[in-house]
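The file work_18.txt contains compact mmCIF, C-alpha atoms:
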# COMPACT_ATOMS: atom_id res chain seq x y z
CA MET A 5 27.16 58.98 137.23
CA LYS A 6 26.12 55.84 135.40
CA ARG A 7 29.33 55.95 133.23
CA LEU A 8 31.49 56.29 136.31
CA SER A 9 29.84 53.34 137.99
CA GLU A 10 30.40 51.22 134.89
CA GLU A 11 34.17 51.91 135.05
CA LYS A 12 34.69 51.07 138.71
CA GLY A 13 36.33 47.64 137.89
CA MET A 14 38.79 48.87 135.23
CA VAL A 15 41.55 49.79 137.68
CA LEU A 16 41.52 46.31 139.15
CA VAL A 17 41.60 44.68 135.72
CA MET A 18 44.48 46.86 134.58
CA ALA A 19 46.37 46.16 137.79
CA LEU A 20 45.89 42.42 137.33
CA MET A 21 47.04 42.63 133.70
CA PHE A 22 50.07 44.62 134.75
CA LEU A 23 50.91 42.03 137.39
CA LEU A 24 50.48 39.29 134.79
CA VAL A 25 52.86 41.00 132.40
CA LEU A 26 55.40 41.48 135.20
CA GLY A 27 55.02 37.82 136.11
CA LEU A 28 55.56 36.70 132.55
CA LEU A 29 58.60 38.95 132.24
CA GLY A 30 59.98 37.53 135.50
CA ILE A 31 59.42 33.95 134.38
CA SER A 32 61.06 34.73 131.04
CA ALA A 33 64.04 36.35 132.77
CA ILE A 34 64.42 33.36 135.09
CA SER A 35 64.15 30.97 132.12
CA MET A 36 66.72 32.92 130.10
CA THR A 37 69.06 33.08 133.09
CA SER A 38 68.71 29.35 133.60
CA TYR A 39 69.27 28.74 129.88
CA ASP A 40 72.35 30.99 129.85
CA ASN A 41 73.67 29.22 132.93
CA ARG A 42 73.22 25.87 131.22
CA ILE A 43 75.02 27.15 128.11
CA SER A 44 77.80 28.60 130.23
CA GLY A 45 78.07 25.38 132.22
CA ASN A 46 78.15 23.26 129.08
CA LYS A 47 80.85 25.47 127.57
CA ARG A 48 82.85 25.28 130.78
CA ILE A 49 82.59 21.48 130.77
CA SER A 50 83.50 21.36 127.07
CA ASP A 51 86.51 23.64 127.63
CA GLN A 52 87.67 21.56 130.59
CA ALA A 53 87.44 18.38 128.52
CA PHE A 54 89.35 20.04 125.67
CA TYR A 55 92.12 21.26 127.97
CA ALA A 56 92.38 17.79 129.48
CA ALA A 57 92.72 16.25 126.01
CA ASP A 58 95.31 18.85 125.01
CA ALA A 59 97.24 18.12 128.21
CA GLY A 60 97.44 14.50 127.09
CA VAL A 61 99.04 15.51 123.79
CA GLN A 62 101.48 17.79 125.62
CA GLU A 63 102.46 14.99 128.01
CA VAL A 64 103.28 12.77 125.03
CA MET A 65 105.49 15.48 123.55
CA GLY A 66 107.13 16.21 126.90
CA ARG A 67 107.91 12.54 127.53
CA PHE A 68 109.17 11.73 124.04
CA ARG A 69 112.77 11.38 125.11
CA PRO A 70 114.15 8.13 123.67
CA ASP A 71 117.31 8.40 125.76
CA ALA A 72 115.51 8.91 129.10
CA THR A 73 114.67 5.98 131.36
CA GLY A 74 110.96 5.52 131.90
CA GLU A 75 109.97 7.86 129.09
CA ILE A 76 108.43 7.09 125.70
CA GLU A 77 110.90 5.06 123.67
CA ASP A 78 110.27 3.66 120.21
CA THR A 79 112.20 0.40 120.05
CA ASP A 80 110.29 -0.95 117.04
CA PRO A 81 109.97 1.97 114.59
CA LEU A 82 108.75 -0.10 111.63
CA ASN A 83 106.09 -2.07 113.48
CA PRO A 84 102.61 -0.94 112.29
CA ASN A 85 101.02 -2.38 115.47
CA TRP A 86 103.25 -0.47 117.91
CA ARG A 87 101.22 1.44 120.52
CA ARG A 88 101.92 3.45 123.67
CA PHE A 89 99.17 4.58 126.08
CA ILE A 90 99.19 7.23 128.83
CA ALA A 91 96.39 7.56 131.40
CA LEU A 92 95.74 7.63 135.13
CA ASN A 93 95.05 3.88 135.03
CA GLN A 94 94.66 1.03 132.58
CA SER A 95 90.86 1.11 132.61
CA GLN A 96 91.00 4.71 131.40
CA ALA A 97 93.56 3.75 128.74
CA ALA A 98 91.14 1.10 127.49
CA LYS A 99 88.83 3.93 126.34
CA VAL A 100 91.31 4.70 123.55
CA GLY A 101 92.12 1.10 122.65
CA TYR A 102 94.53 -0.27 125.23
CA VAL A 103 94.57 -4.03 125.67
CA SER A 104 97.24 -6.10 127.36
CA GLY A 105 99.55 -7.49 124.70
CA PRO A 106 103.06 -7.46 123.23
CA ASN A 107 102.55 -4.32 121.10
CA HIS A 108 100.69 -2.26 123.72
CA LEU A 109 102.56 -0.60 126.58
CA PHE A 110 100.78 1.38 129.31
CA LEU A 111 102.54 4.35 130.94
CA GLN A 112 101.22 5.98 134.10
CA SER A 113 100.42 9.66 133.65
CA LEU A 114 102.78 11.97 135.51
CA GLN A 115 99.89 14.06 136.85
CA THR A 116 96.69 13.33 138.80
CA ARG A 117 94.55 16.46 138.34
CA LEU A 118 93.37 15.95 134.75
CA ASP A 119 91.56 12.91 133.41
CA PHE A 120 92.73 11.94 129.94
CA ALA A 121 93.66 8.82 127.99
CA VAL A 122 96.17 8.93 125.14
CA GLU A 123 97.09 6.53 122.37
CA LEU A 124 100.35 7.01 120.44
CA LYS A 125 100.92 4.94 117.32
CA HIS A 126 102.78 4.89 114.01
CA LYS A 127 101.12 6.37 110.97
CA VAL A 128 100.64 3.72 108.29
CA ASN A 129 99.81 3.83 104.59
CA ILE A 130 97.20 1.86 102.67
CA ALA A 131 99.53 -1.17 102.64
CA ASN A 132 99.79 -1.01 106.46
CA ALA A 133 103.45 -0.01 106.24
CA VAL A 134 104.80 2.61 108.64
CA VAL A 135 105.10 6.07 107.08
CA THR A 136 108.57 7.53 107.64
CA LYS A 137 110.13 10.93 107.18
CA ASP A 138 113.88 11.38 107.02
CA GLY A 139 114.34 7.89 108.43
CA HIS A 140 111.99 8.35 111.41
CA PRO A 141 108.39 7.12 111.74
CA VAL A 142 105.56 9.64 111.66
CA TYR A 143 103.29 9.36 114.72
CA LEU A 144 99.57 9.78 115.32
CA VAL A 145 98.31 10.66 118.78
CA THR A 146 94.68 10.45 119.95
CA SER A 147 93.79 12.05 123.27
CA LEU A 148 90.43 11.75 125.06
CA GLY A 149 89.75 14.32 127.77
CA VAL A 150 87.01 13.65 130.36
CA THR A 151 85.46 15.84 133.08
CA PRO A 152 83.74 14.75 136.35
CA GLU A 153 80.42 15.88 134.86
CA GLY A 154 80.82 13.49 131.96
CA GLY A 155 82.03 15.95 129.32
CA GLN A 156 84.33 14.51 126.66
CA LYS A 157 86.62 15.89 123.98
CA ARG A 158 88.73 13.86 121.55
CA ILE A 159 91.56 15.44 119.58
CA GLU A 160 94.03 13.94 117.12
CA ALA A 161 97.45 15.17 116.08
CA GLU A 162 100.20 14.10 113.72
CA LEU A 163 103.70 14.31 115.15
CA ASN A 164 107.05 14.38 113.35
CA PRO A 165 110.28 13.71 115.26
CA PHE A 166 113.31 15.86 114.59
CA PRO A 167 115.31 15.04 111.44
CA SER A 168 118.47 13.00 111.70
CA LEU A 169 121.49 15.23 112.23
CA ASN A 170 123.83 12.59 110.85
CA PRO A 171 124.88 13.81 107.38
CA GLY A 172 125.95 10.31 106.33
CA GLY A 173 129.44 11.51 105.41
CA ALA A 174 131.83 14.31 106.19
CA LEU A 175 130.35 16.03 103.12
CA TYR A 176 126.86 15.14 101.86
CA SER A 177 125.82 16.49 98.46
CA GLU A 178 122.88 15.99 96.14
CA GLN A 179 124.74 17.53 93.22
CA PRO A 180 128.17 17.22 91.54
CA VAL A 181 131.19 17.93 93.74
CA ASP A 182 134.43 19.59 92.65
CA LEU A 183 137.40 19.01 94.96
CA LEU A 184 140.28 21.32 94.17
CA GLY A 185 143.84 21.88 95.38
CA SER A 186 146.38 19.99 97.44
CA SER A 187 145.34 21.49 100.79
CA THR A 188 141.71 20.34 100.69
CA TYR A 189 141.02 17.72 103.37
CA ILE A 190 137.77 15.71 103.49
CA GLN A 191 137.98 13.26 106.38
CA GLY A 192 135.28 10.66 107.01
CA MET A 193 137.40 8.70 109.48
CA ASP A 194 136.14 9.60 112.94
CA ALA A 195 138.43 12.15 114.55
CA CYS A 196 136.61 11.83 117.90
CA GLY A 197 135.80 8.11 118.18
CA SER A 198 135.23 5.03 116.04
CA ASN A 199 132.19 5.94 113.91
CA ASP A 200 133.80 6.14 110.48
CA VAL A 201 131.68 7.43 107.56
CA PRO A 202 132.33 8.19 103.88
CA GLY A 203 134.41 11.23 103.10
CA VAL A 204 131.93 12.32 100.43
CA ALA A 205 128.39 10.92 100.28
CA THR A 206 126.44 11.83 97.15
CA THR A 207 122.95 10.87 96.05
CA LEU A 208 124.13 10.69 92.44
CA PRO A 209 125.15 7.40 90.78
CA LEU A 210 128.74 6.50 89.96
CA SER A 211 127.82 6.42 86.26
CA SER A 212 127.23 10.18 86.30
CA ASP A 213 130.80 10.78 87.54
CA PRO A 214 129.57 13.30 90.15
CA VAL A 215 132.86 13.87 92.02
CA ASP A 216 135.55 15.71 90.05
CA ILE A 217 138.99 15.83 91.70
CA HIS A 218 141.70 18.29 90.61
CA GLY A 219 145.13 18.56 92.17
CA SER A 220 145.81 16.30 95.14
CA PRO A 221 143.05 16.79 97.74
CA THR A 222 142.84 14.28 100.58
CA VAL A 223 139.57 12.31 100.67
CA GLU A 224 139.37 9.59 103.30
CA GLY A 225 136.51 7.58 104.75
CA THR A 226 134.69 4.26 104.69
CA PRO A 227 134.53 4.37 101.71
CA PRO A 228 136.23 7.60 100.62
CA ILE A 229 133.31 8.31 98.23
CA GLN A 230 129.84 6.75 98.50
CA TYR A 231 127.41 7.00 95.60
CA ASP A 232 123.61 6.56 95.53
CA THR A 233 123.26 7.51 99.19
CA THR A 234 119.76 8.20 100.56
CA ASN A 235 118.33 11.51 99.42
CA ARG A 236 117.59 13.90 102.30
CA ASP A 237 114.94 16.63 102.21
CA LEU A 238 117.13 19.59 103.15
CA LYS A 239 114.30 22.09 102.79
CA ALA A 240 112.19 20.14 105.28
CA MET A 241 115.16 19.77 107.63
CA ILE A 242 115.76 23.52 107.69
CA GLU A 243 112.04 24.22 108.11
CA TYR A 244 111.99 22.03 111.21
CA LEU A 245 115.30 23.17 112.72
CA ARG A 246 114.88 26.92 112.12
CA LYS A 247 112.09 27.05 114.72
CA ASP A 248 114.70 26.43 117.41
CA ALA A 249 117.13 29.03 116.05
CA ASN A 250 118.91 31.31 118.53
CA PHE A 251 119.84 33.67 115.72
CA ALA A 252 117.69 34.25 112.61
CA TYR A 253 118.42 36.53 109.65
CA ALA A 254 116.55 37.21 106.40
CA TYR A 255 117.90 38.90 103.25
CA GLY A 256 116.24 39.57 99.91
CA SER A 257 119.52 39.95 98.03
CA ASN A 258 123.05 38.58 98.06
CA GLN A 259 124.80 39.39 101.31
CA THR A 260 128.44 39.54 102.50
CA LEU A 261 129.14 39.38 106.23
CA THR A 262 132.62 39.72 107.63
CA GLY A 263 133.97 38.48 110.94
CA MET A 264 130.73 36.85 112.13
CA SER A 265 130.22 36.22 115.04
CA ASP A 266 131.47 35.78 118.58
CA GLN A 267 127.83 35.41 119.64
CA TRP A 268 127.60 32.22 117.60
CA GLY A 269 130.49 30.64 119.49
CA ILE A 270 134.28 30.47 119.31
CA PRO A 271 135.80 27.10 118.36
CA VAL A 272 139.37 26.33 119.36
CA GLY A 273 141.98 24.93 117.00
CA SER A 274 144.19 25.71 114.05
CA GLY A 275 145.14 24.01 110.83
CA THR A 276 143.00 21.89 108.58
CA ALA A 277 144.14 18.38 109.50
CA ASN A 278 143.03 18.51 113.14
CA PRO A 279 139.47 18.68 114.52
CA LEU A 280 138.29 21.78 116.31
CA THR A 281 137.24 21.64 119.95
CA TYR A 282 134.46 23.58 121.61
CA SER A 283 133.39 24.23 125.19
CA GLY A 284 130.78 26.99 125.04
CA PRO A 285 127.00 26.89 124.47
CA LEU A 286 125.98 25.70 121.01
CA ASN A 287 123.57 27.67 118.84
CA ILE A 288 121.30 27.26 115.85
CA VAL A 289 121.92 30.04 113.33
CA TYR A 290 119.43 30.44 110.46
CA PHE A 291 119.78 32.49 107.29
CA ASN A 292 116.74 32.88 105.04
CA MET A 293 118.22 33.78 101.65
CA GLY A 294 114.99 33.14 99.77
CA GLY A 295 116.26 29.81 98.48
CA ASP A 296 118.38 31.29 95.67
CA LYS A 297 120.36 34.24 97.08
CA THR A 298 123.99 33.89 98.22
CA LEU A 299 125.33 34.40 101.72
CA LYS A 300 129.07 35.10 101.81
CA LEU A 301 130.78 34.65 105.17
CA ALA A 302 134.24 36.17 105.09
CA GLY A 303 137.07 37.41 107.26
CA GLY A 304 137.32 34.86 110.05
CA SER A 305 133.65 34.04 110.65
CA HIS A 306 133.06 31.26 113.17
CA GLY A 307 130.55 29.52 115.42
CA GLY A 308 129.37 26.34 117.08
CA GLY A 309 126.12 24.44 116.61
CA ILE A 310 123.96 24.18 113.48
CA LEU A 311 124.30 26.68 110.63
CA LEU A 312 121.24 26.72 108.34
CA VAL A 313 121.27 28.52 104.99
CA ASP A 314 118.18 28.45 102.77
CA GLY A 315 120.07 29.55 99.67
CA ASN A 316 123.71 29.49 98.58
CA LEU A 317 126.72 29.72 100.90
CA GLU A 318 130.20 30.96 100.06
CA LEU A 319 132.93 30.62 102.67
CA ASN A 320 135.71 33.10 101.92
CA GLY A 321 138.91 33.46 103.90
CA GLY A 322 139.22 32.03 107.37
CA PHE A 323 136.19 30.13 108.70
CA GLN A 324 135.70 27.79 111.66
CA TRP A 325 132.56 25.88 112.58
CA TYR A 326 132.08 23.18 115.20
CA GLY A 327 128.87 21.32 114.37
CA LEU A 328 126.75 20.86 111.26
CA VAL A 329 126.27 23.16 108.26
CA ILE A 330 123.16 22.65 106.07
CA VAL A 331 122.83 24.54 102.79
CA THR A 332 119.93 24.08 100.37
CA GLY A 333 121.81 25.55 97.42
CA ALA A 334 125.39 25.95 96.21
CA LEU A 335 128.37 25.62 98.52
CA ASP A 336 131.71 27.23 97.63
CA PHE A 337 135.00 27.49 99.50
CA THR A 338 136.95 30.44 98.08
CA GLY A 339 139.89 32.67 98.90
CA GLY A 340 142.77 32.15 101.30
CA GLY A 341 142.74 31.45 105.00
CA GLU A 342 142.08 28.26 106.91
CA LYS A 343 138.56 26.85 106.74
CA ASN A 344 137.71 24.05 109.16
CA ILE A 345 134.30 22.47 109.69
CA THR A 346 134.40 19.81 112.39
CA GLY A 347 131.21 17.79 112.35
CA GLY A 348 129.81 17.69 108.82
CA MET A 349 128.26 19.56 105.89
CA MET A 350 125.14 18.98 103.80
CA ALA A 351 124.49 20.80 100.54
CA GLY A 352 122.70 20.79 97.24
CA GLU A 353 118.90 20.86 97.12
CA THR A 354 118.81 22.92 93.93
CA ALA A 355 119.32 20.98 90.68
CA THR A 356 121.79 23.42 89.12
CA VAL A 357 124.32 23.75 91.92
CA GLU A 358 127.77 22.38 92.36
CA VAL A 359 129.83 22.02 95.49
CA ASP A 360 133.32 23.46 95.13
CA VAL A 361 135.80 22.73 97.86
CA GLY A 362 139.21 24.25 97.40
CA GLY A 363 141.95 26.17 99.10
CA ASN A 364 143.11 25.49 102.62
CA ALA A 365 139.88 23.77 103.66
CA ALA A 366 138.84 20.80 105.80
CA ILE A 367 135.60 19.00 106.58
CA ILE A 368 136.17 16.52 109.41
CA ASN A 369 133.82 13.86 110.77
CA CYS A 370 133.55 13.93 114.56
CA SER A 371 131.06 11.59 116.27
CA ALA A 372 131.13 13.67 119.46
CA VAL A 373 129.29 16.49 117.69
CA GLN A 374 125.93 14.91 116.85
CA PRO A 375 124.74 14.10 120.43
CA GLN A 376 125.50 17.67 121.44
CA LEU A 377 123.50 19.05 118.52
CA GLU A 378 120.48 16.87 119.29
CA ASN A 379 120.15 18.60 122.65
CA LEU A 380 119.48 21.87 120.78
CA VAL A 381 116.45 20.58 118.92
CA THR A 382 112.83 20.07 119.98
CA PRO A 383 112.51 16.27 119.77
CA ILE A 384 109.03 16.19 118.22
CA ARG A 385 106.59 18.69 116.70
CA ILE A 386 102.89 18.78 115.85
CA THR A 387 102.43 19.04 112.09
CA ARG A 388 98.65 18.44 111.87
CA TRP A 389 95.88 18.76 114.44
CA ARG A 390 92.10 18.36 114.54
CA GLU A 391 89.26 18.21 117.05
CA VAL A 392 87.22 15.03 116.47
CA TYR A 393 84.34 15.99 118.80
Entire entry expressed as structure tokens:
Amino acid sequence: MKRLSEEKGMVLVMALMFLLVLGLLGISAISMTSYDNRISGNKRISDQAFYAADAGVQEVMGRFRPDATGEIEDTDPLNPNWRRFIALNQSQAAKVGYVSGPNHLFLQSLQTRLDFAVELKHKVNIANAVVTKDGHPVYLVTSLGVTPEGGQKRIEAELNPFPSLNPGGALYSEQPVDLLGSSTYIQGMDACGSNDVPGVATTLPLSSDPVDIHGSPTVEGTPPIQYDTTNRDLKAMIEYLRKDANFAYAYGSNQTLTGMSDQWGIPVGSGTANPLTYSGPLNIVYFNMGGDKTLKLAGGSHGGGILLVDGNLELNGGFQWYGLVIVTGALDFTGGGEKNITGGMMAGETATVEVDVGGNAAIINCSAVQPQLENLVTPIRITRWREVY
């Protein structure tokens, strides 16, 4: 009986300890829930700030239309102090460096739901000279996204505008050119306006005698042949343009295609002394030939737009193209049939290639082509991107 009386308080003690443990567990659960909520809230605020900053970059890219009134237009492409700012108001733009002055231009954001401030400027080198690529400045964009709770995200991106689609001549080549036959016609005089260019433009010097003429081909332009022209990065051009391709093909070996392709477009015209005309939708057609394999288009192939060949191109028999043809390797015109390219051709990235133009063939400059081709291409692309904080 004495032992039982000594244990009368144990139930109460155990109950109190149990309640204490439950209380501690409850407090811990509440604390963890509160902590998780804070983490979730902070992540939500961080994500909102990031999306706002990204929206600023996208607005820059969407408004980069130099030919559109009220949009971003670069009228001073070699000015290292050139700046454009986009924000809801000028005080917001000041957060990324805007000050009233001749080189700074503020543009009102086209939306009101997201709070961001964007600075667009030219990339410069250590000598404070504007960095260019294919004749266009490279751009740097900084976008600061802000949330009502005070969250901030800053991202930076490097932007490259689309490469110039002006070949600089009816035929541009980085390697020696052979012009053969009496029915070959290379015309740099503008068949569609008054923008005359060289017939043949080559990056090689006159001293290397890069253009070899056999027979009596017609080569006209201002001048007929231009030497030491600016070297173009054809690989980089194709890499940029192929991302907008309507038709893309890849082959690991030499390939012959015949009668391609009504889907690419059907130019109108005949003969080699007259420019083709075109009224349908233009396309970008890309062939990945691994850089060194040969694509042979034969038997009346045709199209309209931009034809890209990363490799060698042989045009055999009848061929019509309204637009621009870019080939990184060798270019050969072979066989019979009329071959007419109205717009321009660019060839010769590989050091061992030659451009042979012979037979009943014509390459004709037409200034009406280039503006139509530019509408096919994304005007600017992100090439580098990073989150600052």
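Proximity of A:Ser371, A:Thr206, A:Ser198, A:Gln376 to A:Pro228, computed with only C-alpha atoms, is greatest for A:Thr206.
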Find the residue from A:Asn250, A:Asn235, A:Asn344, A:Thr79 that sits nearest to A:Thr281; use only C-alpha atoms when measuring.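 Counting only C-alpha atoms, the residue closest to A:Thr281 is A:Asn344.
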Skip stretch 261-265 of chain A itself and residues of its chain fewer than 6 positions away, then list as a short mmCIF file (atom, residue, chain, number, x, y, z; two decimals) with C-alpha atoms, in the frame of the given file all residues within 12 Å of it, counting all atoms listed in the file.
data_model
loop_
_atom_site.label_atom_id
_atom_site.label_comp_id
_atom_site.auth_asym_id
_atom_site.auth_seq_id
_atom_site.Cartn_x
_atom_site.Cartn_y
_atom_site.Cartn_z
CA PHE A 251 119.84 33.67 115.72
CA TYR A 253 118.42 36.53 109.65
CA TYR A 255 117.90 38.90 103.25
CA PRO A 271 135.80 27.10 118.36
CA ASN A 287 123.57 27.67 118.84
CA VAL A 289 121.92 30.04 113.33
CA PHE A 291 119.78 32.49 107.29
CA THR A 298 123.99 33.89 98.22
CA LEU A 299 125.33 34.40 101.72
CA LYS A 300 129.07 35.10 101.81
CA LEU A 301 130.78 34.65 105.17
CA ALA A 302 134.24 36.17 105.09
CA GLY A 303 137.07 37.41 107.26
CA GLY A 304 137.32 34.86 110.05
CA SER A 305 133.65 34.04 110.65
CA HIS A 306 133.06 31.26 113.17
CA GLY A 307 130.55 29.52 115.42
CA GLY A 308 129.37 26.34 117.08
CA LEU A 317 126.72 29.72 100.90
CA GLU A 318 130.20 30.96 100.06
CA LEU A 319 132.93 30.62 102.67
CA ASN A 320 135.71 33.10 101.92
CA GLY A 321 138.91 33.46 103.90
CA GLY A 322 139.22 32.03 107.37
CA PHE A 323 136.19 30.13 108.70
CA GLN A 324 135.70 27.79 111.66
CA TRP A 325 132.56 25.88 112.58
#
Pick from A:Ile76, A:Leu280, A:Ala252, A:Leu184 nearest to A:Ile345, counting only C-alpha atoms: A:Leu280
Which residues are near A:Thr346? Cut-off 12 Å, only C-alpha atoms, ignore same chain within fewer than 6 positions. Put them as a PDB file with C-alpha atoms, in the coordinates of the input.
ATOM      1  CA  GLY A 173     129.440  11.510 105.410  1.00  0.00           C
ATOM      2  CA  ALA A 174     131.830  14.310 106.190  1.00  0.00           C
ATOM      3  CA  LEU A 175     130.350  16.030 103.120  1.00  0.00           C
ATOM      4  CA  TYR A 189     141.020  17.720 103.370  1.00  0.00           C
ATOM      5  CA  ILE A 190     137.770  15.710 103.490  1.00  0.00           C
ATOM      6  CA  GLN A 191     137.980  13.260 106.380  1.00  0.00           C
ATOM      7  CA  GLY A 192     135.280  10.660 107.010  1.00  0.00           C
ATOM      8  CA  MET A 193     137.400   8.700 109.480  1.00  0.00           C
ATOM      9  CA  ASP A 194     136.140   9.600 112.940  1.00  0.00           C
ATOM     10  CA  ALA A 195     138.430  12.150 114.550  1.00  0.00           C
ATOM     11  CA  CYS A 196     136.610  11.830 117.900  1.00  0.00           C
ATOM     12  CA  PRO A 271     135.800  27.100 118.360  1.00  0.00           C
ATOM     13  CA  VAL A 272     139.370  26.330 119.360  1.00  0.00           C
ATOM     14  CA  GLY A 273     141.980  24.930 117.000  1.00  0.00           C
ATOM     15  CA  SER A 274     144.190  25.710 114.050  1.00  0.00           C
ATOM     16  CA  GLY A 275     145.140  24.010 110.830  1.00  0.00           C
ATOM     17  CA  THR A 276     143.000  21.890 108.580  1.00  0.00           C
ATOM     18  CA  ALA A 277     144.140  18.380 109.500  1.00  0.00           C
ATOM     19  CA  ASN A 278     143.030  18.510 113.140  1.00  0.00           C
ATOM     20  CA  PRO A 279     139.470  18.680 114.520  1.00  0.00           C
ATOM     21  CA  LEU A 280     138.290  21.780 116.310  1.00  0.00           C
ATOM     22  CA  THR A 281     137.240  21.640 119.950  1.00  0.00           C
ATOM     23  CA  TYR A 282     134.460  23.580 121.610  1.00  0.00           C
ATOM     24  CA  HIS A 306     133.060  31.260 113.170  1.00  0.00           C
ATOM     25  CA  GLY A 307     130.550  29.520 115.420  1.00  0.00           C
ATOM     26  CA  GLY A 308     129.370  26.340 117.080  1.00  0.00           C
ATOM     27  CA  GLY A 309     126.120  24.440 116.610  1.00  0.00           C
ATOM     28  CA  ILE A 310     123.960  24.180 113.480  1.00  0.00           C
ATOM     29  CA  PHE A 323     136.190  30.130 108.700  1.00  0.00           C
ATOM     30  CA  GLN A 324     135.700  27.790 111.660  1.00  0.00           C
ATOM     31  CA  TRP A 325     132.560  25.880 112.580  1.00  0.00           C
ATOM     32  CA  TYR A 326     132.080  23.180 115.200  1.00  0.00           C
ATOM     33  CA  GLY A 327     128.870  21.320 114.370  1.00  0.00           C
ATOM     34  CA  LEU A 328     126.750  20.860 111.260  1.00  0.00           C
ATOM     35  CA  VAL A 329     126.270  23.160 108.260  1.00  0.00           C
ATOM     36  CA  ALA A 365     139.880  23.770 103.660  1.00  0.00           C
ATOM     37  CA  ALA A 366     138.840  20.800 105.800  1.00  0.00           C
ATOM     38  CA  ILE A 367     135.600  19.000 106.580  1.00  0.00           C
ATOM     39  CA  ILE A 368     136.170  16.520 109.410  1.00  0.00           C
ATOM     40  CA  ASN A 369     133.820  13.860 110.770  1.00  0.00           C
ATOM     41  CA  CYS A 370     133.550  13.930 114.560  1.00  0.00           C
ATOM     42  CA  SER A 371     131.060  11.590 116.270  1.00  0.00           C
ATOM     43  CA  ALA A 372     131.130  13.670 119.460  1.00  0.00           C
ATOM     44  CA  VAL A 373     129.290  16.490 117.690  1.00  0.00           C
ATOM     45  CA  GLN A 374     125.930  14.910 116.850  1.00  0.00           C
TER      46      GLN A 374
END
Mind giving me the straight-line distance from atom CA of A:Lys137 to atom CA of A:Arg88 in Å, one decimal? 19.9 Å
Go through A:Gly105, A:Pro141, A:Gln52, A:Asn83 and flag the residue nearest A:Phe120, using only C-alpha atoms for the distances.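 Of A:Gly105, A:Pro141, A:Gln52, A:Asn83, the one nearest A:Phe120 is A:Gln52, counting only C-alpha atoms.
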What does the distance from atom CA of A:Pro375 to atom CA of A:Asn199 come to in Å, to one decimal?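 Straight-line distance from atom CA of A:Pro375 to atom CA of A:Asn199 works out to 12.8 Å.
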Which protein, DNA or RNA residues have an atom at most 9 Å from (133.1, 20.9, 99.7), counting only C-alpha atoms? List them as an MDAnalysis selection string. chainID A and resid 175:177 181:183 188 190 204 335:337 349 351 359:362 365:367
Take the residues from that selection and write them out as a PDB file, in the frame of the given file, keeping C-alpha atoms.
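File produced: again_18.pdb:
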ATOM      1  CA  LEU A 175     130.350  16.030 103.120  1.00  0.00           C
ATOM      2  CA  TYR A 176     126.860  15.140 101.860  1.00  0.00           C
ATOM      3  CA  SER A 177     125.820  16.490  98.460  1.00  0.00           C
ATOM      4  CA  VAL A 181     131.190  17.930  93.740  1.00  0.00           C
ATOM      5  CA  ASP A 182     134.430  19.590  92.650  1.00  0.00           C
ATOM      6  CA  LEU A 183     137.400  19.010  94.960  1.00  0.00           C
ATOM      7  CA  THR A 188     141.710  20.340 100.690  1.00  0.00           C
ATOM      8  CA  ILE A 190     137.770  15.710 103.490  1.00  0.00           C
ATOM      9  CA  VAL A 204     131.930  12.320 100.430  1.00  0.00           C
ATOM     10  CA  LEU A 335     128.370  25.620  98.520  1.00  0.00           C
ATOM     11  CA  ASP A 336     131.710  27.230  97.630  1.00  0.00           C
ATOM     12  CA  PHE A 337     135.000  27.490  99.500  1.00  0.00           C
ATOM     13  CA  MET A 349     128.260  19.560 105.890  1.00  0.00           C
ATOM     14  CA  ALA A 351     124.490  20.800 100.540  1.00  0.00           C
ATOM     15  CA  VAL A 359     129.830  22.020  95.490  1.00  0.00           C
ATOM     16  CA  ASP A 360     133.320  23.460  95.130  1.00  0.00           C
ATOM     17  CA  VAL A 361     135.800  22.730  97.860  1.00  0.00           C
ATOM     18  CA  GLY A 362     139.210  24.250  97.400  1.00  0.00           C
ATOM     19  CA  ALA A 365     139.880  23.770 103.660  1.00  0.00           C
ATOM     20  CA  ALA A 366     138.840  20.800 105.800  1.00  0.00           C
ATOM     21  CA  ILE A 367     135.600  19.000 106.580  1.00  0.00           C
TER      22      ILE A 367
END
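Computed from the coordinates, the atom CA of A:Pro84 to atom CA of A:Val61 distance equals 20.4 Å.
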Edge lengths and centre in Å to one decimal, as lines of an AutoDock Vina configuration file, of the axis-aligned box that encloses all listed atoms of stretch 341-350 of chain A with 6 Å added on every side?
center_x = 133.9
center_y = 24.6
center_z = 108.1
size_x = 29.6
size_y = 25.8
size_z = 20.6
Shortest interatomic distance to A:Gly352 - which of A:Thr207, A:Ser283, A:Gln156, A:Ser186, counting all atoms listed in the file: A:Thr207
Counting only C-alpha atoms, which residues have an atom no more than 9 Å from (87.5, 13.8, 134.2) in the file's coordinates? Please list them as a ChimeraX atom specification. /A:52-53,56,117-120,149-156
Could you save the residues just selected, with C-alpha atoms, as an mmCIF file, in the frame of the given file?
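Writing the result to selection30.cif gives the following:
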data_model
loop_
_atom_site.group_PDB
_atom_site.id
_atom_site.type_symbol
_atom_site.label_atom_id
_atom_site.label_comp_id
_atom_site.auth_asym_id
_atom_site.auth_seq_id
_atom_site.Cartn_x
_atom_site.Cartn_y
_atom_site.Cartn_z
ATOM 1 C CA GLN A 52 87.670 21.560 130.590
ATOM 2 C CA ALA A 53 87.440 18.380 128.520
ATOM 3 C CA ALA A 56 92.380 17.790 129.480
ATOM 4 C CA ARG A 117 94.550 16.460 138.340
ATOM 5 C CA LEU A 118 93.370 15.950 134.750
ATOM 6 C CA ASP A 119 91.560 12.910 133.410
ATOM 7 C CA PHE A 120 92.730 11.940 129.940
ATOM 8 C CA GLY A 149 89.750 14.320 127.770
ATOM 9 C CA VAL A 150 87.010 13.650 130.360
ATOM 10 C CA THR A 151 85.460 15.840 133.080
ATOM 11 C CA PRO A 152 83.740 14.750 136.350
ATOM 12 C CA GLU A 153 80.420 15.880 134.860
ATOM 13 C CA GLY A 154 80.820 13.490 131.960
ATOM 14 C CA GLY A 155 82.030 15.950 129.320
ATOM 15 C CA GLN A 156 84.330 14.510 126.660
#
